[in-house]
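K.L.:
Structure provided below as structure tokens; questions to follow.
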Amino acid sequence: MTTAQMTPDNGAPPRKRPGLFSRRGWLRWTARRIIMASIVFVAMLFGGFLWFADSVTSLKAPDGVKADAIVVLTGGYLRIEQALGLLRDGSGQRLLISGAHPSTTPNQIRKATQASSDLFACCVDIGYDAIDTIGNASEISRWIHDHGYKSVLVVTNNYHMPRSLHELRRSDPNTEFIPYPVINSDLTRKAWFTEPDVVRTMLSEYGKVVLTTIRDWLGIERGTGLRTEESAAAKHKS
């Protein structure tokens with residue numbers, strides 16, 4: 001075949017197929033899409049963190065609030081002290097301290113919080129089965145239904161409140177959960193983002209909120225978060 005026969009009718013040279021790394025190559029096209037998707041994903045995460053931080057720092061404990069009962073998620077005696085104060089003031093009929101370590105006795109908690117022994121004897125329950133926030137929700141839901149409560153004050157740290165309410169409402173959508181955040185310091189009046197410990201705590205909790213949201217979107221089973229009866233009994237003996 002002659003050269004003239006190989007040349008297209010319009011005289012133009014034959015078009016070359018785009019190479020793998022050319023501007024129109026599929027590898028570059030895919031890389032651009034991945035980069036754009038990554039930028040959008042990072043922007044969404046950053047925007048979500050700003051929203052989370054604003055929500056947490058703007059949380060305030062309500063005044064004169066009342067409910068059928070009070071629950072506190074363990075994680076520091078300051079939480080328990082505030083919950084006991086609410087119980088003493090009549091904000092709820094009964095208090096559940098959820099997620100206590102099996103080796104901790106009621107008397108140890110009472111002494112550490114300097115609470116009244118009469119108040120502890122009449123109106124305080126301690127849950128030992130929860131091992132995480134999901135377990136807190138399961139333990140609290142069970143306690144609520146055992147007592148027939150309809151509205152419950154939830155006491156935990158402000159940064160922990162969004163995830164706690166999410167798990168509680170998922171476990172028990174029929175109960176009204178009223179947030180009562182414990183605020184160690186007023187983050188609205190200080191540049192919290194300049195304090196490494198606060199930033200680490202906020203980022204850690206935000207990461208857990210993101211993972212919780214992804215878990216629910218994908219429909220992944222979350223488990224109960226509770227100790228088995230056998231392991232709980234073994235820890236009580238030790």
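Starting from 1 in every chain, residues are counted up; chains themselves are A, B, ... following the order of the structure tokens, and ligands are numbered from 1 as listed.
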Step one, run DSSP on the backbone; step two, keep only residues of region 19-105 of chain A assigned to strand (DSSP E or B); then write them as a list of chain:residue names.
P.N.:
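Restricting region 19-105 of chain A to strand (DSSP E or B) produces A:Ala69, A:Ile70, A:Val71, A:Val72, A:Leu73, A:Leu95, A:Leu96, A:Ile97, A:Ser98.
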K.L.:
Next, write the just-selected residues to a file, as a PDB file, in the first residue's frame, keeping C-alpha atoms as the atom set.
P.N.:
ATOM      1  CA  ALA A  69     -34.941  10.936  86.393  1.00  0.00           C
ATOM      2  CA  ILE A  70     -31.245  11.717  85.907  1.00  0.00           C
ATOM      3  CA  VAL A  71     -28.455   9.687  84.316  1.00  0.00           C
ATOM      4  CA  VAL A  72     -24.740  10.432  84.359  1.00  0.00           C
ATOM      5  CA  LEU A  73     -22.158   8.806  82.102  1.00  0.00           C
ATOM      6  CA  LEU A  95     -30.144   8.878  89.525  1.00  0.00           C
ATOM      7  CA  LEU A  96     -28.299   6.222  87.541  1.00  0.00           C
ATOM      8  CA  ILE A  97     -24.493   6.351  87.452  1.00  0.00           C
ATOM      9  CA  SER A  98     -23.775   4.424  84.243  1.00  0.00           C
TER      10      SER A  98
END
K.L.:
Where in region 6-238 of chain A does DSSP assign alpha helix (DSSP H), given as a ChimeraX atom specification?
P.N.:
/A:6,26-57,77-88,106-113,117-123,133-147,161-171,196-218,229-237
K.L.:
Which neighbours of Arg94 (chain A) fall inside 10 Å, counting only C-alpha atoms, when residues of the same chain fewer than 4 positions from it are skipped, and could you give them as a ChimeraX atom specification?
P.N.:
/A:67-71,84,86-88,90,119-120,122-125,147,149,152
K.L.:
Nearest to Arg169 (chain A): which of A:Ser138, A:Thr74, A:Ser103, A:Thr156 is it, counting only C-alpha atoms?
P.N.:
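Checking each candidate against Arg169 (chain A), we get A:Ser138 as the closest.
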K.L.:
What's the 12 Å shell around Leu45 (chain A), counting only C-alpha atoms, without same-chain residues fewer than 5 positions away, as a list of chain:residue names?
P.N.:
A:Ser38, A:Ile39, A:Val40, A:Leu50, A:Trp51, A:Phe52, A:Leu203, A:Tyr206, A:Gly207, A:Val209, A:Val210, A:Leu211
